[in-house]
file protein.tsv (TSV, C-alpha atoms and all ligand atoms)
chain	number	residue	atom	x	y	z
K	1	MET	CA	-23.72	-10.83	2.36
K	2	SER	CA	-26.70	-12.07	0.40
K	3	ALA	CA	-27.33	-12.85	-3.26
K	4	PRO	CA	-28.06	-9.99	-5.68
K	5	ASP	CA	-31.61	-9.53	-7.03
K	6	ASP	CA	-32.85	-11.26	-10.21
K	7	THR	CA	-31.18	-8.70	-12.46
K	8	GLY	CA	-27.91	-9.08	-10.61
K	9	ARG	CA	-28.14	-5.83	-8.65
K	10	PHE	CA	-26.62	-5.06	-5.28
K	11	GLY	CA	-28.69	-1.98	-4.45
K	12	ARG	CA	-28.25	0.31	-7.46
K	13	PHE	CA	-25.00	-1.38	-8.59
K	14	GLY	CA	-24.16	-4.43	-10.69
K	15	GLY	CA	-26.53	-5.69	-13.40
K	16	ARG	CA	-25.51	-7.14	-16.75
K	17	PHE	CA	-24.72	-4.53	-19.36
K	18	VAL	CA	-23.58	-6.78	-22.18
K	19	PRO	CA	-24.11	-6.79	-25.95
K	20	GLU	CA	-27.09	-8.80	-27.21
K	21	THR	CA	-24.71	-11.48	-28.51
K	22	LEU	CA	-23.44	-12.21	-24.99
K	23	MET	CA	-26.81	-12.33	-23.25
K	24	PRO	CA	-27.41	-16.06	-23.89
K	25	ALA	CA	-23.92	-16.82	-22.55
K	26	VAL	CA	-24.35	-14.95	-19.25
K	27	LEU	CA	-27.80	-16.47	-18.75
K	28	GLU	CA	-26.45	-19.97	-19.44
K	29	LEU	CA	-23.63	-19.30	-16.97
K	30	GLU	CA	-26.00	-18.09	-14.25
K	31	GLU	CA	-28.16	-21.17	-14.62
K	32	ALA	CA	-25.15	-23.50	-14.57
K	33	PHE	CA	-23.66	-21.85	-11.48
K	34	VAL	CA	-26.93	-21.89	-9.52
K	35	GLU	CA	-27.35	-25.57	-10.29
K	36	ALA	CA	-23.73	-26.49	-9.51
K	37	TRP	CA	-23.64	-24.52	-6.28
K	38	ALA	CA	-26.71	-26.41	-5.03
K	39	ASP	CA	-25.14	-29.74	-5.96
K	40	ASP	CA	-23.32	-31.46	-3.09
K	41	SER	CA	-21.10	-33.46	-5.43
K	42	PHE	CA	-19.83	-30.27	-7.13
K	43	ARG	CA	-19.08	-28.71	-3.74
K	44	ALA	CA	-17.36	-31.89	-2.56
K	45	GLU	CA	-15.12	-31.99	-5.63
K	46	LEU	CA	-14.15	-28.32	-5.19
K	47	ASP	CA	-13.50	-28.81	-1.46
K	48	HIS	CA	-11.35	-31.81	-2.27
K	49	LEU	CA	-9.21	-29.77	-4.70
K	50	LEU	CA	-8.96	-26.87	-2.25
K	51	ARG	CA	-7.69	-29.23	0.42
K	52	THR	CA	-5.44	-31.57	-1.54
K	53	TYR	CA	-4.19	-29.25	-4.31
K	54	SER	CA	-4.30	-25.68	-3.04
K	55	GLY	CA	-3.48	-26.38	0.62
K	56	ARG	CA	-6.63	-25.20	2.41
K	57	PRO	CA	-7.49	-24.45	5.09
K	58	THR	CA	-4.91	-21.67	5.19
K	59	PRO	CA	-3.77	-20.82	8.74
K	60	LEU	CA	-4.56	-17.80	10.88
K	61	THR	CA	-1.28	-16.36	12.14
K	62	GLU	CA	-0.88	-14.25	15.26
K	63	CYS	CA	1.76	-11.49	14.83
K	64	PRO	CA	3.32	-10.81	18.25
K	65	ARG	CA	6.25	-8.65	17.15
K	66	LEU	CA	4.25	-6.57	14.69
K	67	SER	CA	1.47	-6.21	17.28
K	68	GLU	CA	3.89	-4.95	19.89
K	69	GLU	CA	5.41	-2.46	17.49
K	70	LEU	CA	2.00	-1.06	16.44
K	71	GLY	CA	0.13	-1.38	19.74
K	72	VAL	CA	-2.59	-3.22	17.81
K	73	ARG	CA	-3.21	-6.98	17.97
K	74	VAL	CA	-2.77	-8.13	14.37
K	75	LEU	CA	-3.89	-11.50	13.00
K	76	LEU	CA	-3.21	-12.58	9.42
K	77	LYS	CA	-5.37	-14.84	7.27
K	78	ARG	CA	-2.68	-16.55	5.24
K	79	GLU	CA	-4.00	-16.65	1.67
K	80	ASP	CA	-0.35	-16.20	0.64
K	81	LEU	CA	0.17	-19.87	1.45
K	82	ASN	CA	-2.19	-21.08	-1.28
K	83	HIS	CA	-0.75	-22.88	-4.30
K	84	THR	CA	0.33	-20.25	-6.89
K	85	GLY	CA	0.80	-17.69	-4.10
K	86	SER	CA	-2.51	-15.92	-3.63
K	87	HIS	CA	-6.25	-16.23	-2.99
K	88	LYS	CA	-6.96	-16.29	-6.75
K	89	ILE	CA	-6.83	-20.07	-6.98
K	90	ASN	CA	-10.03	-20.42	-4.85
K	91	ASN	CA	-12.09	-18.77	-7.58
K	92	VAL	CA	-10.24	-20.30	-10.51
K	93	LEU	CA	-10.63	-23.90	-9.32
K	94	GLY	CA	-14.36	-23.25	-8.88
K	95	GLN	CA	-14.75	-21.77	-12.35
K	96	ALA	CA	-12.57	-24.40	-14.07
K	97	LEU	CA	-14.73	-27.17	-12.56
K	98	LEU	CA	-17.84	-25.27	-13.64
K	99	ALA	CA	-16.47	-24.96	-17.20
K	100	ARG	CA	-15.92	-28.72	-17.33
K	101	ARG	CA	-19.44	-29.32	-16.01
K	102	MET	CA	-20.80	-27.04	-18.75
K	103	GLY	CA	-18.91	-29.03	-21.40
K	104	LYS	CA	-16.55	-26.17	-22.29
K	105	SER	CA	-13.03	-27.37	-23.01
K	106	ARG	CA	-11.31	-24.00	-23.38
K	107	LEU	CA	-10.71	-21.28	-20.76
K	108	VAL	CA	-10.32	-17.62	-21.71
K	109	ALA	CA	-9.02	-15.18	-19.08
K	110	GLU	CA	-7.69	-11.67	-18.65
K	111	THR	CA	-4.81	-10.82	-16.36
K	112	GLY	CA	-3.16	-7.67	-15.02
K	113	ALA	CA	-0.06	-8.46	-13.01
K	114	GLY	CA	-0.35	-12.06	-14.11
K	115	GLN	CA	-1.50	-13.76	-10.90
K	116	HIS	CA	-4.96	-14.57	-12.22
K	117	GLY	CA	-3.48	-15.71	-15.53
K	118	VAL	CA	-1.07	-18.02	-13.70
K	119	ALA	CA	-3.88	-19.41	-11.53
K	120	THR	CA	-6.06	-20.02	-14.63
K	121	ALA	CA	-3.21	-21.65	-16.56
K	122	THR	CA	-2.59	-23.84	-13.51
K	123	ALA	CA	-6.21	-25.00	-13.26
K	124	ALA	CA	-6.32	-25.62	-17.02
K	125	ALA	CA	-3.20	-27.80	-16.78
K	126	LEU	CA	-4.71	-29.68	-13.85
K	127	LEU	CA	-8.00	-30.37	-15.64
K	128	GLY	CA	-6.60	-30.81	-19.17
K	129	GLN	CA	-8.29	-27.70	-20.59
K	130	GLU	CA	-7.04	-25.38	-23.30
K	131	CYS	CA	-6.18	-21.93	-21.99
K	132	ARG	CA	-5.75	-18.49	-23.55
K	133	VAL	CA	-4.84	-15.46	-21.42
K	134	TYR	CA	-5.11	-11.85	-22.59
K	135	MET	CA	-2.62	-9.47	-21.00
K	136	GLY	CA	-1.89	-5.82	-21.77
K	137	GLU	CA	1.32	-5.40	-23.75
K	138	VAL	CA	2.63	-2.99	-21.10
K	139	ASP	CA	1.91	-5.49	-18.32
K	140	MET	CA	3.59	-8.30	-20.28
K	141	ALA	CA	6.80	-6.27	-20.30
K	142	ARG	CA	6.49	-5.42	-16.57
K	143	GLN	CA	5.68	-8.98	-15.49
K	144	GLU	CA	7.84	-11.15	-17.75
K	145	LEU	CA	8.23	-13.88	-15.18
K	146	ASN	CA	4.47	-14.48	-14.97
K	147	VAL	CA	4.25	-14.53	-18.78
K	148	PHE	CA	6.86	-17.28	-18.82
K	149	ARG	CA	5.05	-19.16	-16.03
K	150	MET	CA	1.79	-19.16	-17.97
K	151	ARG	CA	3.54	-20.43	-21.11
K	152	LEU	CA	5.35	-23.08	-19.10
K	153	LEU	CA	1.97	-24.23	-17.80
K	154	GLY	CA	0.80	-24.66	-21.39
K	155	ALA	CA	-1.27	-21.48	-21.82
K	156	GLU	CA	-1.22	-19.15	-24.78
K	157	VAL	CA	-0.58	-15.51	-23.77
K	158	ILE	CA	-1.94	-12.88	-26.17
K	159	PRO	CA	-0.93	-9.21	-25.83
K	160	ALA	CA	-3.77	-6.66	-25.59
K	161	LEU	CA	-2.67	-3.88	-27.94
K	162	SER	CA	-5.46	-1.32	-27.64
K	163	GLY	CA	-5.91	1.65	-25.29
K	164	SER	CA	-3.44	1.85	-22.44
K	165	ARG	CA	-2.44	-1.80	-23.10
K	166	THR	CA	-3.15	-2.76	-19.47
K	167	LEU	CA	-5.78	-4.71	-17.53
K	168	LYS	CA	-8.94	-2.97	-18.70
K	169	ASP	CA	-7.91	-3.54	-22.34
K	170	ALA	CA	-7.18	-7.20	-21.59
K	171	VAL	CA	-10.73	-7.55	-20.19
K	172	ASN	CA	-12.14	-6.05	-23.41
K	173	ASP	CA	-10.17	-8.50	-25.56
K	174	ALA	CA	-11.12	-11.49	-23.42
K	175	MET	CA	-14.82	-10.56	-23.65
K	176	ARG	CA	-14.51	-10.19	-27.43
K	177	ASP	CA	-12.92	-13.64	-27.65
K	178	TRP	CA	-15.74	-15.07	-25.53
K	179	VAL	CA	-18.42	-13.58	-27.82
K	180	ALA	CA	-16.80	-15.30	-30.79
K	181	SER	CA	-16.13	-18.66	-29.14
K	182	VAL	CA	-18.92	-19.14	-26.62
K	183	GLU	CA	-19.85	-22.60	-27.95
K	184	ASP	CA	-16.73	-24.26	-26.60
K	185	SER	CA	-15.19	-21.53	-24.41
K	186	TYR	CA	-15.64	-20.41	-20.84
K	187	TYR	CA	-14.65	-16.90	-19.67
K	188	CYS	CA	-12.81	-17.28	-16.35
K	189	LEU	CA	-13.04	-13.79	-14.81
K	190	GLY	CA	-10.54	-12.91	-12.09
K	191	SER	CA	-12.41	-10.73	-9.61
K	192	VAL	CA	-15.86	-9.79	-8.27
K	193	MET	CA	-16.60	-7.66	-11.32
K	194	GLY	CA	-18.13	-7.89	-14.79
K	195	PRO	CA	-21.76	-8.72	-15.62
K	196	HIS	CA	-24.00	-10.79	-13.33
K	197	PRO	CA	-23.45	-13.57	-12.27
K	198	TYR	CA	-19.67	-13.01	-12.02
K	199	PRO	CA	-19.52	-10.63	-9.01
K	200	TRP	CA	-21.76	-12.93	-7.01
K	201	MET	CA	-20.24	-16.22	-8.23
K	202	VAL	CA	-16.64	-15.11	-7.64
K	203	ARG	CA	-17.56	-13.92	-4.13
K	204	GLU	CA	-19.15	-17.29	-3.39
K	205	PHE	CA	-15.99	-19.11	-4.52
K	206	HIS	CA	-13.97	-16.90	-2.13
K	207	ARG	CA	-16.44	-17.18	0.74
K	208	VAL	CA	-14.29	-20.04	2.07
K	209	ILE	CA	-11.74	-17.41	3.21
K	210	GLY	CA	-14.26	-15.71	5.51
K	211	VAL	CA	-15.86	-18.92	6.74
K	212	GLU	CA	-12.49	-20.38	7.75
K	213	ALA	CA	-11.27	-17.10	9.24
K	214	ALA	CA	-14.36	-16.60	11.42
K	215	GLU	CA	-14.05	-20.10	12.83
K	216	GLN	CA	-10.29	-19.77	13.37
K	217	ALA	CA	-10.70	-16.36	15.03
K	218	ARG	CA	-13.36	-17.73	17.41
K	219	ASP	CA	-10.95	-20.53	18.38
K	220	LEU	CA	-8.05	-18.17	18.95
K	221	LEU	CA	-10.05	-15.43	20.70
K	222	VAL	CA	-12.05	-17.90	22.83
K	223	GLY	CA	-15.41	-17.19	21.27
K	224	ALA	CA	-14.81	-13.53	20.40
K	225	LEU	CA	-14.39	-12.00	16.94
K	226	PRO	CA	-11.86	-9.44	15.71
K	227	ASP	CA	-12.92	-5.78	16.03
K	228	VAL	CA	-11.85	-4.93	12.48
K	229	VAL	CA	-11.38	-6.99	9.29
K	230	VAL	CA	-9.15	-5.38	6.65
K	231	ALA	CA	-8.36	-6.35	3.05
K	232	CYS	CA	-6.88	-4.63	0.00
K	233	VAL	CA	-9.22	-3.86	-2.90
K	234	GLY	CA	-8.42	-4.06	-6.60
K	235	GLY	CA	-11.60	-5.52	-8.11
K	236	GLY	CA	-12.41	-6.62	-4.58
K	237	SER	CA	-12.43	-10.43	-4.58
K	238	ASN	CA	-10.18	-11.18	-1.61
K	239	ALA	CA	-12.01	-8.49	0.38
K	240	ALA	CA	-15.43	-9.90	-0.58
K	241	GLY	CA	-14.27	-13.37	0.45
K	242	ILE	CA	-13.13	-12.42	3.92
K	243	PHE	CA	-15.96	-9.90	4.48
K	244	SER	CA	-18.55	-12.58	3.80
K	245	GLY	CA	-17.49	-14.38	7.00
K	246	PHE	CA	-18.16	-11.30	9.14
K	247	ALA	CA	-20.71	-9.08	7.37
K	248	GLU	CA	-23.62	-10.37	9.49
K	249	GLU	CA	-21.75	-9.52	12.70
K	250	PRO	CA	-22.51	-5.84	13.38
K	251	SER	CA	-19.68	-5.51	15.92
K	252	VAL	CA	-17.06	-6.22	13.25
K	253	GLU	CA	-15.90	-3.21	11.26
K	254	LEU	CA	-15.09	-3.95	7.57
K	255	VAL	CA	-12.38	-1.97	5.81
K	256	GLY	CA	-11.34	-2.25	2.14
K	257	VAL	CA	-8.11	-0.45	1.33
K	258	GLU	CA	-7.59	1.02	-2.14
K	259	PRO	CA	-4.41	2.45	-3.68
K	260	ALA	CA	-4.41	6.27	-3.62
K	261	GLY	CA	-3.91	6.24	-7.41
K	262	GLY	CA	-6.85	3.91	-8.01
K	263	ALA	CA	-9.42	4.80	-5.37
K	264	ALA	CA	-12.55	3.87	-7.34
K	265	VAL	CA	-14.89	3.94	-4.32
K	266	GLY	CA	-13.12	6.92	-2.76
K	267	HIS	CA	-12.87	9.13	-5.86
K	268	GLY	CA	-14.97	7.46	-8.57
K	269	VAL	CA	-18.50	8.17	-9.73
K	270	PRO	CA	-21.09	5.57	-10.75
K	271	GLY	CA	-20.66	4.43	-14.33
K	272	ILE	CA	-20.78	1.38	-16.55
K	273	VAL	CA	-17.73	-0.62	-17.56
K	274	HIS	CA	-17.15	-4.29	-18.38
K	275	GLY	CA	-20.82	-5.14	-18.08
K	276	MET	CA	-21.48	-3.68	-14.62
K	277	MET	CA	-22.63	-0.47	-12.95
K	278	SER	CA	-20.23	0.53	-10.20
K	279	TYR	CA	-18.01	3.29	-8.87
K	280	LEU	CA	-15.49	4.01	-11.57
K	281	LEU	CA	-12.64	6.46	-12.17
K	282	GLN	CA	-13.74	8.71	-15.02
K	283	ASP	CA	-12.76	12.08	-16.42
K	284	GLU	CA	-15.23	14.95	-16.79
K	285	TRP	CA	-16.45	13.50	-20.12
K	286	GLY	CA	-17.13	10.07	-18.66
K	287	GLN	CA	-14.04	8.46	-20.18
K	288	VAL	CA	-12.56	5.75	-17.97
K	289	THR	CA	-9.23	6.99	-16.61
K	290	GLU	CA	-6.13	5.00	-15.75
K	291	ALA	CA	-5.52	3.72	-12.25
K	292	GLU	CA	-1.94	3.98	-11.09
K	293	SER	CA	-0.41	1.98	-8.28
K	294	ILE	CA	2.94	0.53	-7.26
K	295	SER	CA	1.25	-2.88	-7.40
K	296	ALA	CA	0.09	-3.96	-10.84
K	297	GLY	CA	-2.54	-6.18	-9.20
K	298	LEU	CA	-4.54	-3.14	-8.01
K	299	ASP	CA	-4.31	-1.16	-11.26
K	300	TYR	CA	-8.02	-1.29	-12.03
K	301	PRO	CA	-10.15	1.85	-12.52
K	302	GLY	CA	-13.33	0.23	-11.19
K	303	VAL	CA	-14.40	-1.91	-8.27
K	304	GLY	CA	-16.83	-4.79	-7.87
K	305	PRO	CA	-20.45	-3.61	-7.59
K	306	GLU	CA	-21.07	-5.19	-4.19
K	307	HIS	CA	-18.33	-3.01	-2.71
K	308	SER	CA	-20.00	0.10	-4.14
K	309	HIS	CA	-23.17	-1.05	-2.40
K	310	LEU	CA	-21.40	-1.83	0.90
K	311	SER	CA	-19.93	1.64	0.79
K	312	ASP	CA	-23.30	3.29	0.08
K	313	THR	CA	-24.97	1.45	2.97
K	314	GLY	CA	-22.06	2.26	5.28
K	315	ARG	CA	-21.44	-1.42	6.12
K	316	ALA	CA	-17.83	-1.13	4.90
K	317	THR	CA	-15.46	1.80	4.43
K	318	TYR	CA	-12.85	2.26	1.70
K	319	PRO	CA	-9.89	4.43	2.66
K	320	SER	CA	-6.77	4.62	0.50
K	321	VAL	CA	-3.03	4.50	1.14
K	322	THR	CA	-0.08	5.93	-0.78
K	323	ASP	CA	2.66	3.93	-2.53
K	324	GLU	CA	5.11	5.19	0.08
K	325	GLU	CA	3.00	3.85	2.96
K	326	VAL	CA	2.77	0.53	1.09
K	327	VAL	CA	6.54	0.23	0.72
K	328	ASP	CA	6.99	0.88	4.45
K	329	ALA	CA	4.42	-1.79	5.30
K	330	PHE	CA	6.11	-4.26	2.91
K	331	VAL	CA	9.36	-3.82	4.87
K	332	LEU	CA	7.62	-3.75	8.27
K	333	LEU	CA	5.95	-7.17	7.96
K	334	SER	CA	9.11	-8.71	6.48
K	335	ARG	CA	11.24	-7.43	9.38
K	336	THR	CA	8.88	-8.13	12.27
K	337	GLU	CA	7.29	-11.43	11.28
K	338	GLY	CA	9.47	-12.99	8.57
K	339	ILE	CA	6.62	-12.84	6.07
K	340	ILE	CA	7.15	-10.99	2.78
K	341	PRO	CA	3.69	-9.82	1.66
K	342	ALA	CA	2.46	-9.16	-1.87
K	343	LEU	CA	2.45	-5.41	-2.57
K	344	GLU	CA	-1.34	-5.62	-2.90
K	345	SER	CA	-1.69	-7.13	0.57
K	346	ALA	CA	0.75	-4.54	1.95
K	347	HIS	CA	-1.99	-1.94	1.29
K	348	ALA	CA	-4.12	-3.47	4.04
K	349	LEU	CA	-1.15	-3.54	6.42
K	350	ALA	CA	-0.26	0.05	5.53
K	351	TRP	CA	-3.71	1.20	6.63
K	352	VAL	CA	-3.33	-0.59	9.99
K	353	ALA	CA	0.10	0.97	10.51
K	354	ARG	CA	-1.18	4.47	9.68
K	355	GLU	CA	-4.26	4.13	11.91
K	356	ARG	CA	-2.44	2.47	14.80
K	357	VAL	CA	-3.34	5.21	17.29
K	358	ALA	CA	-7.06	4.97	16.52
K	359	LEU	CA	-6.80	1.16	16.57
K	360	ALA	CA	-4.83	0.94	19.83
K	361	GLY	CA	-5.84	-2.04	21.96
K	362	ARG	CA	-8.12	-3.50	19.29
K	363	THR	CA	-7.82	-6.79	17.42
K	364	VAL	CA	-7.43	-6.45	13.66
K	365	LEU	CA	-7.66	-9.32	11.17
K	366	VAL	CA	-5.78	-8.62	7.94
K	367	ASN	CA	-6.35	-10.73	4.85
K	368	LEU	CA	-2.87	-11.44	3.54
K	369	SER	CA	-4.05	-12.01	-0.03
K	370	GLY	CA	-0.70	-13.07	-1.48
K	371	ARG	CA	3.02	-13.52	-1.04
K	372	GLY	CA	5.68	-11.10	-2.16
K	373	ASP	CA	7.98	-13.36	-4.20
K	374	LYS	CA	6.64	-11.85	-7.43
K	375	ASP	CA	7.46	-8.34	-6.14
K	376	VAL	CA	10.99	-8.68	-4.79
K	377	ALA	CA	12.73	-7.82	-8.08
K	378	GLN	CA	10.73	-4.58	-8.34
K	379	MET	CA	11.39	-3.78	-4.67
K	380	MET	CA	15.12	-4.31	-5.13
K	381	ASP	CA	15.12	-1.12	-7.19
K	382	VAL	CA	12.67	0.76	-4.97
K	383	LEU	CA	14.59	-0.06	-1.80
K	384	ALA	CA	18.10	0.20	-3.28
K	385	ASP	CA	18.98	3.21	-1.11
K	386	ARG	CA	17.51	1.79	2.08
K	387	LEU	CA	18.88	-1.75	2.29
F	401	LIG	C1	-5.07	-9.94	-7.84
F	401	LIG	C2	-4.65	-9.68	-6.47
F	401	LIG	C3	-5.32	-8.73	-5.65
F	401	LIG	C4	-6.40	-7.84	-6.17
F	401	LIG	O1	-7.57	-8.49	-6.55
F	401	LIG	P1	-8.88	-8.48	-5.67
F	401	LIG	O2	-9.91	-9.01	-6.60
F	401	LIG	O3	-9.16	-7.07	-5.24
F	401	LIG	O4	-8.65	-9.36	-4.51
F	401	LIG	C5	-4.92	-8.59	-4.34
F	401	LIG	N1	-3.89	-9.33	-3.84
F	401	LIG	C6	-3.22	-10.23	-4.59
F	401	LIG	C7	-2.11	-10.99	-3.97
F	401	LIG	C8	-3.58	-10.44	-5.92
F	401	LIG	O5	-2.92	-11.34	-6.66
call {"tool": "encode", "arguments": {"input": "protein.tsv", "output": "structure tokens"}}
result
Amino acid sequence: MSAPDDTGRFGRFGGRFVPETLMPAVLELEEAFVEAWADDSFRAELDHLLRTYSGRPTPLTECPRLSEELGVRVLLKREDLNHTGSHKINNVLGQALLARRMGKSRLVAETGAGQHGVATATAAALLGQECRVYMGEVDMARQELNVFRMRLLGAEVIPALSGSRTLKDAVNDAMRDWVASVEDSYYCLGSVMGPHPYPWMVREFHRVIGVEAAEQARDLLVGALPDVVVACVGGGSNAAGIFSGFAEEPSVELVGVEPAGGAAVGHGVPGIVHGMMSYLLQDEWGQVTEAESISAGLDYPGVGPEHSHLSDTGRATYPSVTDEEVVDAFVLLSRTEGIIPALESAHALAWVARERVALAGRTVLVNLSGRGDKDVAQMMDVLADRL
């Protein structure tokens, strides 16, 4: 996967649709990222943190019992084993170091389920930065534990009170804060979305997932690569990270799995939201509609622009799975391999389970983007009749 063009476009998607007042900030950010990413000492410092703080490289795990049950050889890239429980820390450590390099002492972030907010609060604590996280009022009630975690880590959590009071409203509030505080503040965005350079920069910070996975797969498969690489898609950052290790290998099929209630690529139309042009769930008047999913981490009505482009070119496909299929997959991995997945990650597994006949005999690499600890309380209710 290559860099976008000078205006931040991947094909017809992406760009930077921001108010005049934010233009200097996104240009300053692009320049700072390009410079940092070409600087060996910046890369070395990030690598050092990824190794000694987050626990990279994360392992590749073969799943013999699950594979036997499905008739498909399943390998997992274990992003769930990262510090704070998901892939999000890869991006956040990169951006927090970039903020420090730019002389910005305060991080502003949005969060949905709270995982990105927790990762940002964690990095801010590590680097001694101030941190403010915007979170929809509805999400704050649904994800109390993550709100407490962020506060424990020293962050300020501010409820987003407009609109549906969920993730897209939190993004709006965070961007508004950034406009007003750009002198000393850095906007730490949580996925491959928003105005250029974010979709590209966040993908580059997650590229480590794909680079490690390709090398680990070659070791395990004695020089071969998996036939299919699968990841769940909210904004699309964990998928972009793992895809970037395989996109130049035409034999490897790339699959991004969306929730049926938030299938932006599957059911959206091109539109502009949060500074980017991408597939977006809209009503007949062009109003952004609500995504709905059992996992709060995938409740986003849009998708990163590079995924829209990968879909248009046919390089990747974006099927969706239902909440019911996700719950079954959540139980299946727990029972067969002793690994409780995040509900988001269970979307990728649910697709493999549903397509097992078509996938028979093939090797499938699933990006296990996060662990399920944060979801067990919710699943206690959902599974009350079954367990
Ligand atoms: C946030 C999150 C996601 C969704 O975000 P992407 O940008 O699509 O990766 C997926 N899995 C987990 C565990 C998450 O925390």
call {"tool": "residues_near_ligand", "arguments": {"input": "protein.tsv", "ligand": "ligand LIG 401 (chain F)", "cutoff": "9 Å", "atoms": "all atoms listed in the file", "output": "ChimeraX atom specification"}}
result
/K:79-80,85-88,111-116,190-193,231-241,258,295-300,303-304,341-346,368-372
call {"tool": "closest_residue", "arguments": {"input": "protein.tsv", "among": "K:Val18, K:Val211, K:Ile158, K:Val252", "to": "K:Gly117", "atoms": "all atoms listed in the file"}}
result
K:Ile158
call {"tool": "closest_atom_pairs", "arguments": {"input": "protein.tsv", "of": "stretch 92-185 of chain K", "to": "stretch 200-210 of chain K", "cutoff": "12 Å", "atoms": "only C-alpha atoms", "output": "CSV"}}
result
residue,atom,partner,partner_atom,distance
K:Val92,CA,K:Phe205,CA,8.4
K:Leu93,CA,K:Phe205,CA,8.6
K:Gly94,CA,K:Phe205,CA,6.2
K:Gln95,CA,K:Phe205,CA,8.4
K:Ala96,CA,K:Phe205,CA,11.4
K:Leu97,CA,K:Phe205,CA,11.5
K:Leu98,CA,K:Met201,CA,10.8
call {"tool": "atom_distance", "arguments": {"input": "protein.tsv", "atom1": "atom CA of K:Pro59", "atom2": "atom CA of K:Leu365"}}
result
12.4 Å
call {"tool": "closest_residue", "arguments": {"input": "protein.tsv", "among": "K:Glu292, K:Glu130, K:His83, K:Thr336", "to": "K:Gly262", "atoms": "all atoms listed in the file"}}
result
K:Glu292
call {"tool": "residues_around", "arguments": {"input": "protein.tsv", "residues": "K:Leu76", "least_positions_apart": "3", "cutoff": "8 Å", "atoms": "all atoms listed in the file", "output": "PyMOL selection string"}}
result
chain K and resi 60-63+365-368
call {"tool": "decode", "arguments": {"input": "protein.tsv", "residues": "stretch 206-210 of chain K", "atoms": "all heavy atoms", "output": "mmCIF file, in the first residue's frame"}}
result
data_model
loop_
_atom_site.group_PDB
_atom_site.id
_atom_site.type_symbol
_atom_site.label_atom_id
_atom_site.label_comp_id
_atom_site.auth_asym_id
_atom_site.auth_seq_id
_atom_site.Cartn_x
_atom_site.Cartn_y
_atom_site.Cartn_z
ATOM 1 N N HIS K 206 0.633 1.534 12.146
ATOM 2 C CA HIS K 206 0.174 0.147 12.334
ATOM 3 C C HIS K 206 0.808 -0.837 11.358
ATOM 4 O O HIS K 206 0.544 -2.034 11.430
ATOM 5 C CB HIS K 206 -1.350 0.065 12.185
ATOM 6 C CG HIS K 206 -2.103 0.553 13.387
ATOM 7 N ND1 HIS K 206 -1.926 0.018 14.650
ATOM 8 C CD2 HIS K 206 -3.045 1.513 13.534
ATOM 9 C CE1 HIS K 206 -2.723 0.640 15.507
ATOM 10 N NE2 HIS K 206 -3.415 1.563 14.862
ATOM 11 N N ARG K 207 1.623 -0.335 10.454
ATOM 12 C CA ARG K 207 2.259 -1.196 9.452
ATOM 13 C C ARG K 207 3.057 -2.324 10.118
ATOM 14 O O ARG K 207 3.185 -3.426 9.581
ATOM 15 C CB ARG K 207 3.169 -0.352 8.555
ATOM 16 C CG ARG K 207 3.889 -1.127 7.472
ATOM 17 C CD ARG K 207 4.835 -0.217 6.696
ATOM 18 N NE ARG K 207 4.147 0.605 5.721
ATOM 19 C CZ ARG K 207 3.818 0.194 4.488
ATOM 20 N NH1 ARG K 207 4.114 -1.039 4.109
ATOM 21 N NH2 ARG K 207 3.207 1.000 3.655
ATOM 22 N N VAL K 208 3.563 -2.039 11.313
ATOM 23 C CA VAL K 208 4.352 -3.020 12.062
ATOM 24 C C VAL K 208 3.590 -4.351 12.218
ATOM 25 O O VAL K 208 4.190 -5.419 12.227
ATOM 26 C CB VAL K 208 4.766 -2.427 13.439
ATOM 27 C CG1 VAL K 208 3.565 -2.097 14.308
ATOM 28 C CG2 VAL K 208 5.722 -3.327 14.180
ATOM 29 N N ILE K 209 2.265 -4.285 12.302
ATOM 30 C CA ILE K 209 1.467 -5.520 12.440
ATOM 31 C C ILE K 209 1.680 -6.407 11.207
ATOM 32 O O ILE K 209 1.977 -7.603 11.315
ATOM 33 C CB ILE K 209 -0.055 -5.220 12.559
ATOM 34 C CG1 ILE K 209 -0.355 -4.250 13.702
ATOM 35 C CG2 ILE K 209 -0.843 -6.520 12.722
ATOM 36 C CD1 ILE K 209 -1.830 -3.775 13.723
ATOM 37 N N GLY K 210 1.542 -5.816 10.030
ATOM 38 C CA GLY K 210 1.664 -6.573 8.788
ATOM 39 C C GLY K 210 3.088 -7.034 8.516
ATOM 40 O O GLY K 210 3.307 -8.153 8.041
#
